[in-house]
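Chemist: As input, take coords-v2.tsv (TSV, C-alpha atoms and all ligand atoms):
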```tsv
chain	number	residue	atom	x	y	z
V	1	MET	CA	-19.20	-6.41	-13.69
V	2	THR	CA	-19.26	-4.08	-16.65
V	3	LYS	CA	-17.66	-0.67	-16.60
V	4	GLU	CA	-21.13	0.94	-16.60
V	5	GLU	CA	-22.17	-1.11	-13.57
V	6	ILE	CA	-19.03	-0.12	-11.73
V	7	ILE	CA	-19.55	3.56	-12.52
V	8	ALA	CA	-23.13	3.35	-11.25
V	9	ALA	CA	-21.99	1.62	-8.04
V	10	LEU	CA	-19.41	4.35	-7.42
V	11	SER	CA	-22.04	7.08	-7.48
V	12	PRO	CA	-22.66	8.58	-4.03
V	13	ASP	CA	-26.35	8.72	-5.01
V	14	THR	CA	-26.75	4.95	-4.84
V	15	ASP	CA	-27.12	3.20	-1.47
V	16	PRO	CA	-23.91	1.17	-0.90
V	17	ALA	CA	-25.45	-1.30	1.59
V	18	GLN	CA	-26.03	-4.06	-0.96
V	19	LEU	CA	-22.66	-3.50	-2.60
V	20	PHE	CA	-20.86	-3.76	0.75
V	21	ALA	CA	-22.80	-6.89	1.72
V	22	LEU	CA	-21.92	-8.58	-1.55
V	23	ALA	CA	-18.24	-7.62	-1.19
V	24	ASP	CA	-18.22	-9.03	2.33
V	25	GLN	CA	-19.69	-12.27	1.06
V	26	VAL	CA	-17.14	-12.54	-1.77
V	27	ARG	CA	-14.36	-11.82	0.73
V	28	ARG	CA	-15.62	-14.60	3.02
V	29	GLU	CA	-15.85	-17.05	0.16
V	30	TYR	CA	-12.51	-16.32	-1.50
V	31	VAL	CA	-10.16	-15.26	1.30
V	32	GLY	CA	-11.98	-16.33	4.48
V	33	GLU	CA	-12.13	-14.80	7.95
V	34	ASP	CA	-8.38	-14.52	8.45
V	35	VAL	CA	-6.82	-11.07	8.53
V	36	HIS	CA	-3.15	-10.83	7.62
V	37	LEU	CA	-0.99	-8.43	9.60
V	38	ARG	CA	1.93	-6.80	7.80
V	39	GLY	CA	4.27	-4.76	9.97
V	40	LEU	CA	5.05	-1.51	8.16
V	41	ILE	CA	8.48	0.01	8.59
V	42	GLU	CA	8.89	3.43	6.99
V	43	PHE	CA	12.65	3.41	6.68
V	44	SER	CA	13.44	6.64	4.81
V	45	ASN	CA	11.56	9.80	3.89
V	46	HIS	CA	14.19	11.06	1.47
V	47	CYS	CA	12.80	11.15	-2.06
V	48	ARG	CA	14.08	12.24	-5.43
V	49	ARG	CA	10.58	12.72	-6.90
V	50	ARG	CA	8.14	15.61	-6.73
V	51	CYS	CA	4.72	13.94	-6.75
V	52	TYR	CA	2.12	16.67	-6.27
V	53	TYR	CA	0.13	14.84	-3.62
V	54	CYS	CA	2.95	13.58	-1.44
V	55	GLY	CA	4.33	15.30	1.64
V	56	ILE	CA	7.80	13.77	1.39
V	57	ARG	CA	8.33	15.04	-2.16
V	58	ALA	CA	11.77	16.44	-2.97
V	59	GLY	CA	11.95	20.15	-2.27
V	60	ASN	CA	9.54	20.17	0.66
V	61	ALA	CA	11.77	21.99	3.12
V	62	LYS	CA	9.29	21.54	5.96
V	63	VAL	CA	10.04	17.83	6.26
V	64	ARG	CA	12.66	16.73	8.75
V	65	ARG	CA	14.46	14.10	6.70
V	66	TYR	CA	15.57	10.81	8.23
V	67	ARG	CA	16.75	7.45	7.12
V	68	LEU	CA	17.02	4.38	9.30
V	69	THR	CA	20.26	2.44	9.50
V	70	PRO	CA	20.39	-1.27	8.63
V	71	ASP	CA	20.54	-2.02	12.36
V	72	GLN	CA	17.40	0.00	13.02
V	73	ILE	CA	15.60	-1.91	10.27
V	74	LEU	CA	16.80	-5.19	11.75
V	75	TYR	CA	15.50	-4.07	15.13
V	76	GLY	CA	12.13	-3.36	13.48
V	77	ALA	CA	12.13	-6.83	11.93
V	78	ARG	CA	12.80	-8.36	15.34
V	79	SER	CA	9.91	-6.46	16.88
V	80	ALA	CA	7.68	-7.76	14.05
V	81	VAL	CA	8.74	-11.29	14.95
V	82	SER	CA	8.02	-10.74	18.62
V	83	LEU	CA	4.57	-9.37	17.76
V	84	ASN	CA	4.03	-12.51	15.70
V	85	TYR	CA	3.63	-10.69	12.40
V	86	LYS	CA	4.60	-12.85	9.44
V	87	THR	CA	5.45	-10.08	7.00
V	88	ILE	CA	7.30	-6.79	7.12
V	89	VAL	CA	6.68	-4.11	4.54
V	90	MET	CA	9.70	-1.89	4.01
V	91	GLN	CA	8.51	1.41	2.55
V	92	SER	CA	10.39	4.59	1.66
V	93	GLY	CA	10.69	7.47	-0.72
V	94	GLU	CA	13.02	6.94	-3.67
V	95	ASP	CA	16.13	7.48	-1.61
V	96	PRO	CA	19.39	7.24	-3.60
V	97	ALA	CA	21.28	6.40	-0.40
V	98	TRP	CA	19.08	3.32	0.01
V	99	GLY	CA	19.80	1.99	-3.46
V	100	PRO	CA	19.24	-1.56	-4.66
V	101	LYS	CA	22.63	-2.76	-3.38
V	102	GLU	CA	22.00	-1.49	0.13
V	103	LEU	CA	18.44	-2.77	0.03
V	104	ALA	CA	19.53	-6.22	-1.13
V	105	ALA	CA	22.02	-6.41	1.73
V	106	ILE	CA	19.42	-5.64	4.41
V	107	VAL	CA	16.88	-7.99	2.82
V	108	GLU	CA	19.47	-10.77	3.00
V	109	LYS	CA	20.19	-10.00	6.62
V	110	VAL	CA	16.54	-10.02	7.65
V	111	LYS	CA	15.96	-13.24	5.73
V	112	LYS	CA	18.94	-14.88	7.36
V	113	GLU	CA	17.82	-14.02	10.84
V	114	THR	CA	14.03	-14.37	10.61
V	115	ALA	CA	11.37	-16.33	8.76
V	116	LEU	CA	9.54	-13.12	7.83
V	117	ALA	CA	8.11	-12.57	4.39
V	118	ILE	CA	9.45	-9.28	3.04
V	119	THR	CA	7.52	-6.78	0.99
V	120	LEU	CA	9.30	-3.82	-0.55
V	121	SER	CA	7.63	-0.53	-1.44
V	122	VAL	CA	10.50	1.56	-2.73
V	123	GLY	CA	9.35	2.95	-6.05
V	124	GLU	CA	10.67	2.65	-9.57
V	125	HIS	CA	13.89	0.83	-10.39
V	126	SER	CA	15.45	-0.95	-13.36
V	127	LYS	CA	14.58	-4.49	-14.37
V	128	GLU	CA	18.04	-5.64	-13.23
V	129	ASP	CA	17.65	-4.00	-9.84
V	130	TYR	CA	14.28	-5.66	-9.31
V	131	ARG	CA	15.90	-9.00	-10.12
V	132	THR	CA	18.66	-8.30	-7.62
V	133	LEU	CA	16.13	-7.51	-4.89
V	134	ARG	CA	14.16	-10.65	-5.63
V	135	ALA	CA	17.33	-12.74	-5.63
V	136	ALA	CA	18.24	-11.25	-2.25
V	137	GLY	CA	15.06	-12.77	-0.87
V	138	ALA	CA	12.34	-10.12	-1.07
V	139	ASP	CA	9.02	-11.86	-1.67
V	140	ARG	CA	6.63	-9.10	-2.62
V	141	PHE	CA	6.59	-5.57	-4.00
V	142	LEU	CA	4.04	-2.78	-3.76
V	143	LEU	CA	3.95	-0.15	-6.49
V	144	ARG	CA	0.68	1.70	-6.85
V	145	PHE	CA	0.00	3.07	-10.32
V	146	GLU	CA	-1.93	5.81	-8.45
V	147	THR	CA	-4.46	6.43	-11.25
V	148	SER	CA	-5.22	4.80	-14.59
V	149	ASP	CA	-5.89	8.23	-16.07
V	150	ARG	CA	-2.85	9.04	-18.16
V	151	ARG	CA	-3.37	12.81	-18.13
V	152	LEU	CA	-4.00	12.94	-14.42
V	153	PHE	CA	-0.94	10.76	-13.80
V	154	SER	CA	1.38	13.12	-15.65
V	155	MET	CA	-0.09	16.10	-13.82
V	156	LEU	CA	0.38	14.44	-10.43
V	157	LYS	CA	3.77	12.90	-11.12
V	158	PRO	CA	5.63	15.44	-13.26
V	159	ASP	CA	8.92	13.56	-13.15
V	160	SER	CA	7.51	10.09	-13.71
V	161	ASN	CA	6.16	8.41	-16.79
V	162	TYR	CA	2.86	6.53	-17.01
V	163	ASP	CA	4.13	3.79	-19.33
V	164	GLN	CA	7.27	3.36	-17.28
V	165	ARG	CA	5.20	2.79	-14.11
V	166	PHE	CA	3.37	-0.08	-15.80
V	167	ARG	CA	6.61	-1.40	-17.26
V	168	CYS	CA	7.93	-1.58	-13.70
V	169	LEU	CA	4.89	-3.61	-12.66
V	170	ALA	CA	5.56	-6.03	-15.52
V	171	TRP	CA	9.25	-6.30	-14.60
V	172	LEU	CA	8.33	-7.02	-10.99
V	173	LYS	CA	6.10	-9.86	-12.08
V	174	GLU	CA	8.80	-11.20	-14.42
V	175	ALA	CA	11.31	-11.08	-11.57
V	176	GLY	CA	9.03	-13.38	-9.59
V	177	PHE	CA	7.60	-10.99	-7.01
V	178	GLN	CA	4.08	-11.18	-5.70
V	179	VAL	CA	2.94	-7.81	-6.97
V	180	GLY	CA	0.67	-5.25	-5.37
V	181	SER	CA	-0.55	-2.05	-6.90
V	182	GLY	CA	-3.32	0.41	-6.19
V	183	VAL	CA	-4.58	3.94	-6.36
V	184	MET	CA	-5.72	6.92	-4.37
V	185	ALA	CA	-9.45	7.60	-4.45
V	186	GLY	CA	-10.79	11.13	-4.73
V	187	LEU	CA	-7.83	12.77	-6.43
V	188	PRO	CA	-8.54	16.22	-7.86
V	189	GLY	CA	-9.82	15.74	-11.39
V	190	GLN	CA	-10.37	11.99	-10.99
V	191	THR	CA	-13.67	10.85	-12.50
V	192	SER	CA	-15.78	7.82	-11.62
V	193	GLU	CA	-15.08	6.59	-15.13
V	194	SER	CA	-11.35	6.59	-14.46
V	195	MET	CA	-11.91	4.87	-11.09
V	196	ALA	CA	-13.89	2.18	-12.90
V	197	ASP	CA	-10.90	1.83	-15.24
V	198	ASP	CA	-8.63	1.52	-12.18
V	199	ILE	CA	-10.66	-1.45	-10.94
V	200	LEU	CA	-10.78	-3.18	-14.32
V	201	LEU	CA	-7.05	-2.67	-14.63
V	202	PHE	CA	-6.46	-4.34	-11.23
V	203	LYS	CA	-8.06	-7.44	-12.69
V	204	GLN	CA	-6.32	-7.21	-16.03
V	205	LEU	CA	-2.91	-6.94	-14.35
V	206	GLU	CA	-3.66	-10.09	-12.31
V	207	LEU	CA	-2.39	-8.40	-9.17
V	208	ASP	CA	-1.79	-10.32	-5.97
V	209	MET	CA	-2.53	-7.31	-3.76
V	210	VAL	CA	-4.47	-4.08	-4.24
V	211	GLY	CA	-4.15	-1.06	-1.92
V	212	ILE	CA	-6.67	1.77	-2.03
V	213	GLY	CA	-6.76	4.86	0.15
V	214	PRO	CA	-8.51	8.21	0.02
V	215	PHE	CA	-6.43	11.11	-1.22
V	216	ILE	CA	-5.72	13.44	1.72
V	217	ALA	CA	-4.53	16.95	0.85
V	218	ASN	CA	-1.19	17.87	2.36
V	219	PRO	CA	-0.82	21.65	2.91
V	220	ASP	CA	2.91	21.48	2.15
V	221	THR	CA	2.33	20.25	-1.41
V	222	PRO	CA	1.00	21.84	-4.63
V	223	LEU	CA	-2.34	20.11	-3.98
V	224	GLY	CA	-2.56	21.54	-0.48
V	225	GLY	CA	-5.79	23.42	-1.17
V	226	ALA	CA	-7.59	20.61	-2.99
V	227	PRO	CA	-10.52	18.78	-1.42
V	228	GLY	CA	-9.70	15.28	-0.20
V	229	GLY	CA	-11.35	12.01	-1.20
V	230	THR	CA	-14.24	10.71	0.89
V	231	LEU	CA	-14.25	7.50	2.86
V	232	ASP	CA	-17.46	6.54	1.06
V	233	THR	CA	-15.74	6.55	-2.33
V	234	ALA	CA	-12.70	4.69	-1.01
V	235	LEU	CA	-14.93	2.01	0.54
V	236	ARG	CA	-16.91	1.62	-2.67
V	237	MET	CA	-13.59	1.17	-4.50
V	238	VAL	CA	-12.53	-1.53	-2.01
V	239	ALA	CA	-15.87	-3.33	-2.30
V	240	LEU	CA	-15.85	-3.24	-6.10
V	241	THR	CA	-12.21	-4.35	-6.21
V	242	ARG	CA	-13.08	-7.34	-4.03
V	243	ILE	CA	-16.04	-8.28	-6.22
V	244	VAL	CA	-14.10	-7.89	-9.45
V	245	THR	CA	-10.72	-9.38	-8.45
V	246	LYS	CA	-12.05	-12.04	-6.03
V	247	ASN	CA	-8.98	-13.40	-4.23
V	248	THR	CA	-6.53	-10.50	-4.04
V	249	HIS	CA	-5.19	-9.32	-0.70
V	250	ILE	CA	-6.75	-5.94	0.06
V	251	PRO	CA	-5.58	-3.84	3.02
V	252	ALA	CA	-7.72	-1.62	5.19
V	253	THR	CA	-5.34	1.30	4.76
V	254	THR	CA	-3.93	3.80	7.22
V	255	ALA	CA	-5.33	6.65	5.08
V	256	MET	CA	-8.84	5.27	5.67
V	257	GLY	CA	-8.18	5.18	9.41
V	258	THR	CA	-6.93	8.75	9.19
V	259	ILE	CA	-10.05	10.33	7.70
V	260	ASP	CA	-12.45	8.27	9.87
V	261	ALA	CA	-11.75	6.67	13.25
V	262	GLN	CA	-13.70	3.61	12.06
V	263	GLY	CA	-12.34	3.71	8.51
V	264	ARG	CA	-10.28	0.54	8.68
V	265	GLN	CA	-13.00	-1.40	10.46
V	266	LYS	CA	-15.46	-0.35	7.78
V	267	ALA	CA	-13.07	-1.46	5.05
V	268	LEU	CA	-12.67	-4.87	6.71
V	269	LYS	CA	-16.44	-5.21	6.52
V	270	CYS	CA	-16.68	-4.52	2.80
V	271	GLY	CA	-13.88	-6.52	1.23
V	272	ALA	CA	-10.55	-5.88	2.97
V	273	ASN	CA	-8.56	-8.73	4.57
V	274	VAL	CA	-5.21	-7.15	5.51
V	275	LEU	CA	-4.02	-4.65	8.13
V	276	MET	CA	-0.64	-2.94	8.17
V	277	PRO	CA	0.22	-1.97	11.74
V	278	ASN	CA	3.10	0.46	12.01
V	279	ILE	CA	6.40	-0.83	13.39
V	280	SER	CA	8.49	2.26	12.55
V	281	PRO	CA	10.40	3.80	15.46
V	282	THR	CA	7.97	6.18	17.18
V	283	GLU	CA	10.39	9.13	16.98
V	284	TYR	CA	10.26	9.17	13.16
V	285	ARG	CA	6.61	8.43	12.53
V	286	THR	CA	5.50	12.05	12.23
V	287	ASP	CA	8.30	12.69	9.74
V	288	TYR	CA	6.95	10.08	7.32
V	289	SER	CA	4.28	12.63	6.53
V	290	LEU	CA	2.71	11.67	3.22
V	291	TYR	CA	-0.46	13.42	4.41
V	292	PRO	CA	-1.49	15.23	7.60
V	293	GLY	CA	-3.24	13.64	10.56
V	294	LYS	CA	-1.68	10.19	10.16
V	295	ILE	CA	-2.83	7.85	12.93
V	296	CYS	CA	-0.67	5.89	15.39
V	297	VAL	CA	2.22	8.40	15.37
V	298	ASN	CA	2.64	8.39	19.16
V	299	GLU	CA	2.36	4.66	19.64
V	300	GLN	CA	5.05	2.06	20.13
V	301	PRO	CA	4.95	-1.04	17.90
V	302	GLU	CA	3.55	-3.09	20.80
V	303	GLN	CA	0.65	-0.69	21.23
V	304	CYS	CA	-0.23	-0.97	17.54
V	305	GLY	CA	-0.15	-4.75	17.91
V	306	ALA	CA	-2.58	-4.65	20.83
V	307	CYS	CA	-4.79	-2.17	18.98
V	308	VAL	CA	-5.18	-4.31	15.87
V	309	ASP	CA	-5.90	-7.40	17.97
V	310	ALA	CA	-8.68	-5.48	19.75
V	311	MET	CA	-9.99	-4.30	16.39
V	312	LEU	CA	-10.15	-7.85	15.07
V	313	ALA	CA	-11.83	-9.12	18.22
V	314	GLY	CA	-14.44	-6.38	17.87
V	315	LEU	CA	-15.16	-7.47	14.32
V	316	GLY	CA	-15.26	-11.18	15.12
V	317	ARG	CA	-12.34	-11.80	12.79
V	318	LYS	CA	-9.06	-13.51	13.58
V	319	ARG	CA	-5.40	-13.11	12.86
V	320	ALA	CA	-4.18	-15.29	10.03
V	321	GLU	CA	-1.58	-17.85	11.04
V	322	GLY	CA	0.25	-18.27	7.73
V	323	PHE	CA	2.44	-15.87	5.80
V	324	GLY	CA	-0.40	-14.57	3.71
V	325	HIS	CA	1.30	-15.16	0.39
V	326	SER	CA	-0.59	-14.56	-2.81
V	327	LEU	CA	-3.72	-16.64	-3.23
V	328	LYS	CA	-3.14	-16.54	-6.95
V	329	THR	CA	0.26	-18.19	-7.02
V	330	SER	CA	0.98	-20.16	-3.86
V	331	GLY	CA	-2.27	-21.89	-3.04
V	332	GLU	CA	-1.54	-21.35	0.67
L	1	LIG	N1	7.91	5.84	-3.00
L	1	LIG	C1	7.08	4.65	-3.07
L	1	LIG	C2	6.15	4.57	-1.87
L	1	LIG	C3	5.12	5.65	-1.91
L	1	LIG	S1	4.26	6.00	-0.39
L	1	LIG	C4	6.35	4.63	-4.37
L	1	LIG	O1	6.39	5.61	-5.12
L	1	LIG	O2	5.73	3.63	-4.71
L	1	LIG	C5	2.90	4.92	-0.53
L	1	LIG	C6	1.60	5.48	-1.09
L	1	LIG	O3	1.09	6.54	-0.31
L	1	LIG	C7	1.68	6.08	-2.46
L	1	LIG	O4	1.73	5.09	-3.46
L	1	LIG	C8	0.40	6.92	-2.53
L	1	LIG	O5	-0.67	6.20	-3.13
L	1	LIG	C9	0.08	7.17	-1.04
L	1	LIG	N2	0.05	8.62	-0.76
L	1	LIG	C10	1.02	9.53	-0.95
L	1	LIG	N3	0.58	10.77	-0.66
L	1	LIG	C11	-0.72	10.65	-0.28
L	1	LIG	C12	-1.74	11.57	0.11
L	1	LIG	N4	-1.49	12.88	0.16
L	1	LIG	N5	-2.96	11.08	0.44
L	1	LIG	C13	-3.19	9.75	0.39
L	1	LIG	N6	-2.29	8.84	0.01
L	1	LIG	C14	-1.06	9.27	-0.33
```
Could I get this structure in the form of structure tokens?
Modeler:
Amino acid sequence: MTKEEIIAALSPDTDPAQLFALADQVRREYVGEDVHLRGLIEFSNHCRRRCYYCGIRAGNAKVRRYRLTPDQILYGARSAVSLNYKTIVMQSGEDPAWGPKELAAIVEKVKKETALAITLSVGEHSKEDYRTLRAAGADRFLLRFETSDRRLFSMLKPDSNYDQRFRCLAWLKEAGFQVGSGVMAGLPGQTSESMADDILLFKQLELDMVGIGPFIANPDTPLGGAPGGTLDTALRMVALTRIVTKNTHIPATTAMGTIDAQGRQKALKCGANVLMPNISPTEYRTDYSLYPGKICVNEQPEQCGACVDAMLAGLGRKRAEGFGHSLKTSGE
């Protein structure tokens, strides 16, 4: 698809029915009916950065800060095994107390005890640190570039650097990770042209995974008063990403489920093939408050497992049996 075609397809004035049907067909052809479940463990909400959109930004005094211990993470990994998930995603703010050394140690432990694939989502680090984490056994890494618009990026992430973010993605690939990136849809000041660039960039970067969620304004951040992104735009982004990138893994994100009770189901019908049920300890879930209204905060991991199984049954889809490694590199 050309950039012009993508821009036209993103317009809320065009009927998305055909677009969604095509994305569903491409999904069926390239990644099949299987849905991969990745257990998400949000292991620390301490963060040294001040991203304008994010509720766990440094300096937000309203957040009750927590960090899980290695044993609590191990417990989470065990519950993932018992729920028959094949992957855990360890996500956090950029917490100096959970540095690369500490992370490498827990990755090694989980790998020693379980057969789980491990995905890290822990922000920007040095090339050497990424290598260390890969050597410790982490398989995949998620680092959204958030927006391809350089000006918007520097407004939203005042203490980050656009080029550095992309350098990190290159380092991750060099280190041998399966790499995921992504963006928020509907950010203040984000144009459909820049969203079209986002999608073309996903392809150019040859990503293994692409995560897209609507921006949701958090009242405790500088963007608290901004309007949020719509589910419609986020779904169009998912559909177009599927059509353009073909065989990437695309999650139906929690943010989509937050702004619409059927958001994740809708995403699974227009290109998505991954779900990330929460396995964080229930008592900390509300504290990992990137945005307000997050779903599943009162549930136990087992309840989220039952819920996603019911969701899949309702859609006539099934749980994948394999690890769900990259379709670009492993040929699984
Ligand atoms: N510290 C890690 C993990 C970030 S949290 C990192 O920087 O990569 C995971 C994702 O949540 C972010 O990449 C961002 O896209 C999303 N997110 C944060 N705040 C949000 C908000 N207010 N609305 C929607 N998504 C948000």
Chemist: Enter the distance from CA of Phe145 in chain V to CA of Glu33 in chain V, in Å, rounded to one decimal.
Modeler: 28.3 Å
Chemist: To one decimal in Å, tell me the separation between CA of Cys270 in chain V and atom C1 of ligand LIG 1 (chain L).
Modeler: 26.1 Å
Chemist: For Arg38 in chain V, please output as number ranges by chain all residues within 8 Å (counting all atoms listed in the file; exclusion window: fewer than 4 positions along the same chain).
Modeler: V: 85-89, 274-277
Chemist: Would you write out, as a Markdown table, a table of all residues in chain V that have an atom no more than 9 Å from an atom of ligand LIG 1 (chain L), listing for each the closest atom pair and the distance in Å to one decimal, considering only C-alpha atoms and all ligand atoms and ordering rows by chain and rising residue number?
Modeler:
```
| residue | atom | partner | partner_atom | distance |
| --- | --- | --- | --- | --- |
| V:Asn45 | CA | L:LIG1 | N1 | 8.7 |
| V:Cys47 | CA | L:LIG1 | N1 | 7.3 |
| V:Arg49 | CA | L:LIG1 | N1 | 8.3 |
| V:Cys51 | CA | L:LIG1 | N3 | 8.0 |
| V:Tyr52 | CA | L:LIG1 | N3 | 8.3 |
| V:Tyr53 | CA | L:LIG1 | N4 | 4.6 |
| V:Cys54 | CA | L:LIG1 | N3 | 3.8 |
| V:Gly55 | CA | L:LIG1 | N3 | 6.3 |
| V:Ile56 | CA | L:LIG1 | N3 | 8.1 |
| V:Arg57 | CA | L:LIG1 | N3 | 9.0 |
| V:Gln91 | CA | L:LIG1 | C2 | 5.9 |
| V:Ser92 | CA | L:LIG1 | N1 | 5.4 |
| V:Gly93 | CA | L:LIG1 | N1 | 3.9 |
| V:Glu94 | CA | L:LIG1 | N1 | 5.3 |
| V:Asp95 | CA | L:LIG1 | N1 | 8.5 |
| V:Ser121 | CA | L:LIG1 | C2 | 5.3 |
| V:Val122 | CA | L:LIG1 | C1 | 4.6 |
| V:Gly123 | CA | L:LIG1 | C4 | 3.8 |
| V:Glu124 | CA | L:LIG1 | O1 | 6.8 |
| V:Leu142 | CA | L:LIG1 | O2 | 6.7 |
| V:Leu143 | CA | L:LIG1 | O2 | 4.5 |
| V:Arg144 | CA | L:LIG1 | O4 | 4.9 |
| V:Phe145 | CA | L:LIG1 | O4 | 7.4 |
| V:Glu146 | CA | L:LIG1 | O5 | 5.5 |
| V:Thr147 | CA | L:LIG1 | O5 | 9.0 |
| V:Ser181 | CA | L:LIG1 | O4 | 8.2 |
| V:Gly182 | CA | L:LIG1 | O5 | 7.1 |
| V:Val183 | CA | L:LIG1 | O5 | 5.6 |
| V:Met184 | CA | L:LIG1 | O5 | 5.2 |
| V:Ala185 | CA | L:LIG1 | C13 | 8.2 |
| V:Leu187 | CA | L:LIG1 | N5 | 8.6 |
| V:Gly211 | CA | L:LIG1 | O5 | 8.1 |
| V:Ile212 | CA | L:LIG1 | O5 | 7.5 |
| V:Gly213 | CA | L:LIG1 | N6 | 6.0 |
| V:Pro214 | CA | L:LIG1 | C13 | 5.6 |
| V:Phe215 | CA | L:LIG1 | N5 | 3.8 |
| V:Ile216 | CA | L:LIG1 | N5 | 3.9 |
| V:Ala217 | CA | L:LIG1 | N4 | 5.1 |
| V:Asn218 | CA | L:LIG1 | N4 | 5.5 |
| V:Thr221 | CA | L:LIG1 | N4 | 8.4 |
| V:Leu223 | CA | L:LIG1 | N4 | 8.4 |
| V:Gly224 | CA | L:LIG1 | N4 | 8.7 |
| V:Gly228 | CA | L:LIG1 | N5 | 8.0 |
| V:Gly229 | CA | L:LIG1 | N5 | 8.6 |
| V:Thr254 | CA | L:LIG1 | N6 | 8.9 |
| V:Ala255 | CA | L:LIG1 | C13 | 6.0 |
| V:Met256 | CA | L:LIG1 | C13 | 8.9 |
| V:Ser289 | CA | L:LIG1 | N3 | 8.3 |
| V:Leu290 | CA | L:LIG1 | N3 | 4.5 |
| V:Tyr291 | CA | L:LIG1 | N4 | 4.4 |
| V:Pro292 | CA | L:LIG1 | N4 | 7.8 |
```
Chemist: Give me the residues near Pro12 in chain V as a list in words, where near means some atom within 9 Å (using all atoms listed in the file) and where sequence neighbours in that chain fewer than 4 positions away do not count.
Modeler: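 After dropping sequence-adjacent residues, the list is Ala8, Pro16, Asp232 and Thr233 of chain V.
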Chemist: Record the distance separating CA of Phe202 in chain V and CA of Cys168 in chain V, expressed in Å with one decimal.
Modeler: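 CA of Cys168 in chain V lies at a distance of 14.9 Å from CA of Phe202 in chain V.
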Chemist: Taking into account all atoms listed in the file, which residue in the set V:Leu19, V:Asn247, V:Arg165, V:Arg317 is nearest to Gln265 in chain V?
Modeler: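 Residue with the minimum atom-to-atom distance to Gln265 in chain V: V:Arg317.
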Chemist: Identify the residues around (9.0, 17.3, 8.3) within a radius of 8 Å, measuring from all atoms listed in the file in the coordinates stated by the file, and give them as a PyMOL selection string.
Modeler: chain V and resi 56+61-65+286-289
